[in-house]
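> final.txt is the file, holding compact mmCIF, C-alpha atoms:
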```txt
# COMPACT_ATOMS: atom_id res chain seq x y z
CA MET U 8 55.49 -43.40 74.45
CA LYS U 9 55.26 -39.84 75.63
CA LYS U 10 55.39 -38.65 72.08
CA ALA U 11 52.52 -40.89 70.98
CA LEU U 12 50.42 -39.78 73.88
CA ALA U 13 51.05 -36.14 73.03
CA ILE U 14 49.93 -36.69 69.42
CA LEU U 15 46.78 -38.48 70.58
CA ILE U 16 45.86 -35.66 72.92
CA ALA U 17 46.51 -33.03 70.27
CA SER U 18 44.41 -34.76 67.62
CA THR U 19 41.55 -35.32 70.09
CA ALA U 20 41.62 -31.67 71.09
CA LEU U 21 41.66 -30.60 67.49
CA THR U 22 38.74 -32.83 66.63
CA ALA U 23 36.79 -31.63 69.63
CA THR U 24 37.48 -28.00 68.83
CA ILE U 25 36.63 -28.06 65.13
CA GLY U 26 34.50 -31.15 64.58
CA PHE U 27 31.98 -30.84 67.39
CA PRO U 28 30.58 -27.42 66.48
CA ALA U 29 30.31 -28.45 62.87
CA TRP U 30 28.53 -31.68 63.79
CA SER U 31 26.09 -29.94 66.06
CA ALA U 32 25.34 -27.28 63.45
CA ALA U 33 24.56 -29.93 60.88
CA ARG U 34 22.26 -31.75 63.26
CA ASN U 35 20.18 -28.68 64.18
CA ASP U 36 18.49 -27.23 61.10
CA ASP U 37 16.65 -24.63 63.03
CA ASP U 38 19.57 -22.78 64.38
CA GLY U 39 21.11 -19.76 62.71
CA PHE U 40 24.04 -21.50 61.12
CA GLY U 41 21.92 -24.14 59.43
CA GLN U 42 19.45 -21.58 58.18
CA SER U 43 22.14 -19.41 56.75
CA VAL U 44 23.82 -22.33 54.97
CA LYS U 45 20.47 -23.51 53.51
CA ALA U 46 19.52 -20.00 52.53
CA LEU U 47 22.79 -19.64 50.74
CA PHE U 48 22.09 -22.64 48.53
CA ARG U 49 18.38 -21.92 48.16
CA SER U 50 18.88 -18.39 46.97
CA ALA U 51 21.52 -19.54 44.54
CA THR U 52 19.14 -22.18 43.16
CA ASP U 53 16.17 -19.86 42.97
CA SER U 54 18.05 -17.21 41.09
CA LEU U 55 19.24 -19.58 38.37
CA PRO U 56 17.42 -18.81 35.11
CA LEU U 57 15.77 -21.55 33.06
CA VAL U 58 17.81 -22.26 29.97
CA PHE U 59 16.37 -24.11 27.00
CA VAL U 60 18.99 -26.22 25.41
CA SER U 61 18.72 -26.48 21.66
CA ASP U 62 19.73 -29.59 19.79
CA LYS U 63 20.58 -27.52 16.72
CA HIS U 64 24.19 -26.95 15.96
CA ASP U 65 25.65 -23.84 14.47
CA ASP U 66 26.77 -25.71 11.41
CA ASP U 67 23.12 -26.48 10.59
CA ASP U 68 22.27 -22.83 10.14
CA GLU U 69 23.84 -22.55 6.76
CA HIS U 70 22.07 -25.68 5.62
CA ASP U 71 18.75 -24.22 6.76
CA ASP U 72 19.36 -21.06 4.80
CA ASP U 73 20.14 -23.05 1.72
CA HIS U 74 17.00 -25.10 2.22
CA ARG U 75 14.95 -21.93 2.51
CA ARG U 76 16.51 -20.47 -0.59
CA HIS U 77 15.79 -23.48 -2.72
CA HIS U 78 12.31 -24.20 -1.45
CA ASP U 79 10.93 -20.74 -0.98
CA ASP U 80 7.19 -20.51 -0.55
CA ASP U 81 5.35 -18.16 -2.84
CA ASP U 82 3.22 -16.92 -0.01
CA ASP U 83 6.29 -15.44 1.56
CA ASP U 84 6.58 -11.91 0.29
CA ASP U 85 9.76 -10.94 2.03
CA ASP U 86 11.90 -12.05 -0.89
CA ASP U 87 10.03 -10.05 -3.49
CA ASP U 88 13.08 -8.11 -4.46
CA CYS U 89 15.25 -11.15 -4.67
CA ASP U 90 13.79 -12.75 -7.78
CA ASP U 91 16.62 -11.52 -9.91
CA CYS U 92 19.36 -12.37 -7.45
CA ARG U 93 18.29 -16.02 -7.43
CA GLY U 94 18.84 -16.23 -11.15
CA ASN U 95 15.15 -16.51 -11.97
CA ALA U 96 13.59 -14.83 -14.97
CA ARG U 97 13.62 -11.06 -14.66
CA ASN U 98 10.45 -9.05 -14.29
CA PRO U 99 9.16 -7.68 -17.61
CA ALA U 100 9.71 -4.09 -18.69
CA PRO U 101 6.65 -2.01 -17.85
CA ALA U 102 4.52 -0.45 -20.59
CA GLY U 103 5.93 2.80 -21.91
CA SER U 104 9.53 1.96 -21.02
CA VAL U 105 10.11 -0.11 -24.17
CA ALA U 106 8.17 -0.77 -27.38
CA PRO U 107 5.65 -3.65 -27.43
CA PRO U 108 7.10 -6.98 -28.55
CA LYS U 109 7.34 -7.66 -32.28
CA ASN U 110 4.94 -10.58 -32.24
CA GLY U 111 3.00 -9.53 -35.32
CA LEU U 112 -0.06 -8.52 -33.31
CA PHE U 113 0.76 -4.86 -32.83
CA GLY U 114 0.38 -2.37 -35.64
CA ASN U 115 3.10 0.22 -35.64
CA GLY U 116 4.76 -0.09 -32.26
CA THR U 117 2.72 2.63 -30.57
CA ALA U 118 2.89 2.28 -26.80
CA PRO U 119 -0.37 1.01 -25.29
CA LYS U 120 -2.45 3.26 -23.07
CA VAL U 121 -3.90 1.87 -19.89
CA GLN U 122 -6.12 3.14 -17.14
CA THR U 123 -7.79 1.51 -14.18
CA LYS U 124 -11.12 2.88 -12.98
CA MET F 27 5.74 22.35 -57.97
CA LYS F 28 5.57 19.09 -59.85
CA SER F 29 8.32 17.54 -57.77
CA ALA F 30 6.61 18.64 -54.55
CA PHE F 31 3.36 17.05 -55.69
CA ALA F 32 5.15 13.87 -56.63
CA THR F 33 6.81 13.74 -53.23
CA LEU F 34 3.44 14.23 -51.53
CA LEU F 35 1.91 11.39 -53.53
CA LEU F 36 4.83 9.13 -52.75
CA THR F 37 4.75 9.77 -48.98
CA THR F 38 0.97 9.32 -48.92
CA ALA F 39 1.27 6.06 -50.80
CA LEU F 40 3.91 4.82 -48.41
CA THR F 41 2.07 5.93 -45.26
CA PHE F 42 -1.47 4.82 -46.13
CA PRO F 43 -0.91 1.05 -46.10
CA GLY F 44 0.60 1.30 -42.66
CA LEU F 45 -2.39 3.21 -41.35
CA ALA F 46 -4.82 0.88 -43.04
CA MET F 47 -3.15 -2.22 -41.56
CA ALA F 48 -3.52 -1.17 -37.92
CA ARG F 49 -6.46 -0.09 -35.82
CA GLN F 50 -6.92 1.27 -32.34
CA VAL F 51 -8.69 -1.28 -30.15
CA THR F 52 -9.88 -0.62 -26.62
CA MET F 53 -10.20 -3.65 -24.36
CA THR F 54 -12.14 -3.28 -21.12
CA THR F 55 -12.00 -5.91 -18.39
CA GLN F 56 -14.40 -5.42 -15.49
CA LEU F 57 -13.40 -7.34 -12.37
CA SER F 58 -15.94 -8.63 -9.87
CA ASN F 59 -15.85 -7.99 -6.12
CA TYR F 60 -14.24 -11.31 -5.34
CA GLY F 61 -12.87 -10.06 -2.00
CA GLY F 62 -9.17 -10.66 -2.46
CA ASP F 63 -5.92 -8.97 -3.41
CA GLY F 64 -5.23 -7.46 -6.82
CA ALA F 65 -5.66 -9.89 -9.70
CA TYR F 66 -2.97 -10.84 -12.18
CA VAL F 67 -4.54 -10.87 -15.64
CA ALA F 68 -2.97 -12.07 -18.90
CA LEU F 69 -4.51 -11.29 -22.30
CA TYR F 70 -3.12 -13.37 -25.14
CA VAL F 71 -4.09 -14.63 -28.57
CA THR F 72 -4.14 -18.04 -30.22
CA ASP F 73 -4.39 -18.58 -33.96
CA ALA F 74 -6.91 -20.64 -35.91
CA SER F 75 -5.07 -23.85 -35.06
CA GLY F 76 -5.10 -23.04 -31.34
CA ALA F 77 -1.38 -22.28 -31.18
CA TYR F 78 -0.15 -19.38 -29.06
CA ALA F 79 0.30 -16.31 -31.28
CA GLY F 80 1.36 -13.66 -28.79
CA SER F 81 0.45 -11.63 -25.74
CA LEU F 82 -1.49 -8.36 -25.72
CA TRP F 83 -1.28 -7.34 -22.06
CA MET F 84 -0.09 -8.51 -18.66
CA ALA F 85 -1.59 -6.95 -15.52
CA GLY F 86 0.89 -7.70 -12.73
CA GLY F 87 4.60 -7.04 -12.76
CA LYS F 88 6.21 -9.83 -10.68
CA SER F 89 7.29 -12.77 -12.77
CA LYS F 90 7.27 -15.11 -9.75
CA TYR F 91 3.46 -15.17 -9.86
CA TYR F 92 3.09 -15.86 -13.58
CA LYS F 93 2.97 -19.60 -13.10
CA HIS F 94 -0.51 -19.09 -11.63
CA LEU F 95 -1.67 -17.83 -15.03
CA THR F 96 -1.51 -21.45 -15.98
CA ASP F 97 -2.46 -21.53 -19.64
CA TRP F 98 -0.45 -18.43 -20.51
CA TYR F 99 2.51 -19.87 -18.62
CA ARG F 100 2.21 -23.21 -20.39
CA ALA F 101 2.16 -21.46 -23.76
CA THR F 102 5.07 -19.13 -23.11
CA GLY F 103 7.14 -20.94 -20.51
CA GLY F 104 6.89 -17.74 -18.49
CA ASP F 105 9.10 -15.90 -20.98
CA THR F 106 8.97 -12.26 -19.91
CA ALA F 107 10.25 -11.11 -23.32
CA GLN F 108 6.71 -11.85 -24.51
CA ILE F 109 5.34 -9.05 -22.35
CA ASN F 110 8.07 -6.43 -22.32
CA GLY F 111 6.41 -3.06 -22.92
CA ILE F 112 2.89 -4.41 -22.40
CA THR F 113 2.92 -4.96 -18.65
CA GLY F 114 1.14 -2.89 -16.00
CA ALA F 115 -0.07 -3.15 -12.43
CA SER F 116 -2.39 -5.86 -11.15
CA VAL F 117 -6.07 -4.95 -10.97
CA GLY F 118 -8.02 -4.65 -7.71
CA ALA F 119 -11.34 -6.32 -7.06
CA GLY F 120 -14.25 -4.37 -8.50
CA ARG F 121 -11.98 -2.23 -10.70
CA SER F 122 -12.07 -1.88 -14.46
CA LEU F 123 -8.95 -2.28 -16.60
CA GLU F 124 -9.08 -0.32 -19.87
CA ILE F 125 -6.30 -0.84 -22.41
CA SER F 126 -5.95 0.93 -25.76
CA LEU F 127 -3.78 -1.00 -28.19
CA ASP F 128 -2.71 -0.40 -31.75
CA LEU F 129 -3.39 -3.81 -33.28
CA THR F 130 -2.89 -5.17 -36.75
CA ASP F 131 -5.99 -5.64 -38.91
CA ALA F 132 -4.94 -9.19 -39.64
CA LEU F 133 -6.02 -10.17 -36.12
CA PHE F 134 -9.70 -9.76 -36.86
CA ASP F 135 -11.95 -12.14 -38.79
CA ALA F 136 -9.02 -14.47 -39.35
CA GLY F 137 -9.68 -17.18 -36.76
CA TYR F 138 -7.73 -15.60 -33.89
CA THR F 139 -9.09 -16.04 -30.37
CA LEU F 140 -8.42 -13.85 -27.36
CA HIS F 141 -7.89 -15.63 -24.03
CA ILE F 142 -7.74 -14.14 -20.54
CA ASP F 143 -6.15 -15.98 -17.61
CA ALA F 144 -6.60 -14.57 -14.10
CA ALA F 145 -5.10 -15.37 -10.71
CA VAL F 146 -5.44 -13.94 -7.21
CA GLU F 147 -3.13 -14.61 -4.27
CA ASP F 148 -4.42 -17.35 -1.95
CA MET F 149 -7.37 -17.98 -4.25
CA ARG F 150 -7.97 -20.42 -7.09
CA ASP F 151 -6.23 -19.89 -10.41
CA SER F 152 -8.57 -19.21 -13.28
CA PRO F 153 -7.16 -20.03 -16.71
CA ASN F 154 -9.32 -19.22 -19.73
CA GLU F 155 -11.44 -16.91 -17.63
CA VAL F 156 -12.59 -15.35 -20.89
CA VAL F 157 -12.36 -16.85 -24.40
CA VAL F 158 -13.60 -14.71 -27.28
CA PRO F 159 -13.07 -14.92 -31.05
CA LEU F 160 -11.67 -11.68 -32.48
CA THR F 161 -14.18 -10.54 -35.09
CA THR F 162 -15.38 -7.14 -36.19
CA GLU F 163 -18.89 -8.34 -35.49
CA GLY F 164 -18.10 -9.18 -31.87
CA ALA F 165 -16.81 -5.72 -31.07
CA GLY F 166 -18.82 -3.96 -28.37
CA THR F 167 -20.44 -7.15 -27.09
CA PRO F 168 -19.68 -7.95 -23.43
CA VAL F 169 -18.44 -11.47 -22.78
CA PRO F 170 -18.90 -12.84 -19.23
CA GLY F 171 -15.97 -14.21 -17.23
CA ARG F 172 -15.98 -17.33 -15.08
CA ARG F 173 -14.58 -16.36 -11.68
CA TYR F 174 -12.88 -13.00 -11.17
CA ILE F 175 -14.04 -11.13 -14.27
CA THR F 176 -17.57 -9.86 -14.56
CA ASN F 177 -17.27 -9.17 -18.27
CA PHE F 178 -14.88 -8.26 -21.06
CA THR F 179 -15.50 -6.00 -24.06
CA TYR F 180 -13.38 -4.87 -27.00
CA ASP F 181 -14.26 -1.81 -29.06
CA MET F 182 -12.76 -0.49 -32.29
```
Show me, as structure tokens, the structure contained in the file I just sent.


Amino acid sequence: MKKALAILIASTALTATIGFPAWSAARNDDDGFGQSVKALFRSATDSLPLVFVSDKHDDDDEHDDDHRRHHDDDDDDDDDDCDDCRGNARNPAPAGSVAPPKNGLFGNGTAPKVQTK
Amino acid sequence: MKSAFATLLLTTALTFPGLAMARQVTMTTQLSNYGGDGAYVALYVTDASGAYAGSLWMAGGKSKYYKHLTDWYRATGGDTAQINGITGASVGAGRSLEISLDLTDALFDAGYTLHIDAAVEDMRDSPNEVVVPLTTEGAGTPVPGRRYITNFTYDM
């Protein structure tokens, strides 16, 4: 009986010592403790950056590149030097670098002369 | 002396037909001020039956744009071997393209027709911009174009 009474007194004292200040702090928002706890969470929330979450997965990137390669728009000039690497027809040899084609229209294979005014 | 003379006769006889079969022709294409980028211009010839006979000049060096020279592209399939050695830069608006070609005599007064296709980036394609029969009589006479070319003249 004495032992049970001692435990009851100890637990009550412990509750009173620890629980009461915590309860009163939570009840009073205007005191220093409440402000500091709120400020702690508020500042943490305010400082969080906005992050846009994309629904694209990394494994789509390769597919997109392939799509771009196969459906390239002519208005896009950034692939000008890639005509050959895509297996398309090569650019023609400029005048003067090779003889004109033997199509029966040219006389003796003399290189044409050109000027732009 | 006799052998030297004979050699001279022989070389002259061999050379003369070649000279007589070809003539220097100057083709001048005057572009209008259409207000766009440099024009791609294809000059090509069809025979009396209207079949593609060959190309004479291509202004514009990137094969990816040749499909916009629609009639030339249809006739050649965009085959760049047709224009190897006869390709130069595209021609700016308001500029004049002057080409001197050594052409066979057989092209003139034999039913051949010269066609010019033109195309400008982000503007309408213009096939058969100029169509002119190749005759000795027509030399020196300007022929008007439809969209990007003010006129075309060939002289010989």

> Give me the residues near segment 68-74 of chain F as a VMD selection string, where near means some atom within 8 Å (using only C-alpha atoms) and where sequence neighbours in that chain fewer than 6 positions away do not count.

chain F and resid 80 to 85 95 98 136 to 144

> Would you mind reading off the distance between atom CA of Val146 of chain F and atom CA of Gly86 of chain F, one decimal, in Å?

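Here the two named atoms are 10.5 Å from each other.
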
> Write down, as a list in words, each residue of chain F that has any atom within 6 Å of an atom of chain U, counting only C-alpha atoms.

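Residues of chain F within 6 Å of chain U, counting only C-alpha atoms: Ala48, Gly80, Lys88, Ser89, Thr106, Asn110, Gly111, Ile112, Thr113, Gly114, Arg121, Ser122, Leu123, Glu124, Ile125, Ser126, Leu127, Asp128, Leu129 and Thr130 of chain F.
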
> If you measure from atom CA of Asn177 of chain F to atom CA of Gly120 of chain F, what distance in Å do you get, rounded to one decimal?

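Taking atom CA of Asn177 of chain F and atom CA of Gly120 of chain F, their separation equals 11.3 Å.
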
> Please determine, counting only C-alpha atoms, which residue among F:Asp105, F:Glu163, F:Asp63, F:Glu147 has the shortest atom-to-atom distance to Phe134 of chain F.

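Closest candidate: F:Glu163.
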
> Just how far from atom CA of Arg49 of chain F is atom CA of Thr161 of chain F, in Å to one decimal?

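Pair atom CA of Thr161 of chain F / atom CA of Arg49 of chain F returns 13.0 Å.
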
> Using all atoms listed in the file, which of F:Ala79, F:Val158, F:Met149, F:Leu57 sits nearest Gln108 of chain F?

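Checking each of F:Ala79, F:Val158, F:Met149, F:Leu57 against Gln108 of chain F, counting all atoms listed in the file, the winner is F:Ala79.
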
> Using only C-alpha atoms, collect all residues at a distance of at most 9 Å from (-18.5, -11.8, -17.3) as written in the file, then present them as a list in words.

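Those residues lying close to the given coordinates are Thr55, Gln56, Leu57, Ser58, Glu155, Val156, Pro168, Val169, Pro170, Gly171, Arg172, Arg173, Tyr174, Ile175, Thr176, Asn177 and Phe178 of chain F.
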
> Near Asp181 of chain F, counting only C-alpha atoms, which residues have an atom at most 9 Å away, once you skip same-chain residues fewer than 3 positions from it, shown as number ranges by chain?

F: 50-54, 162, 164-167

> Tell me which of F:Ala132, F:Arg150, F:Ala115, F:Tyr78 sits closest to Thr102 of chain F, counting only C-alpha atoms.

F:Tyr78
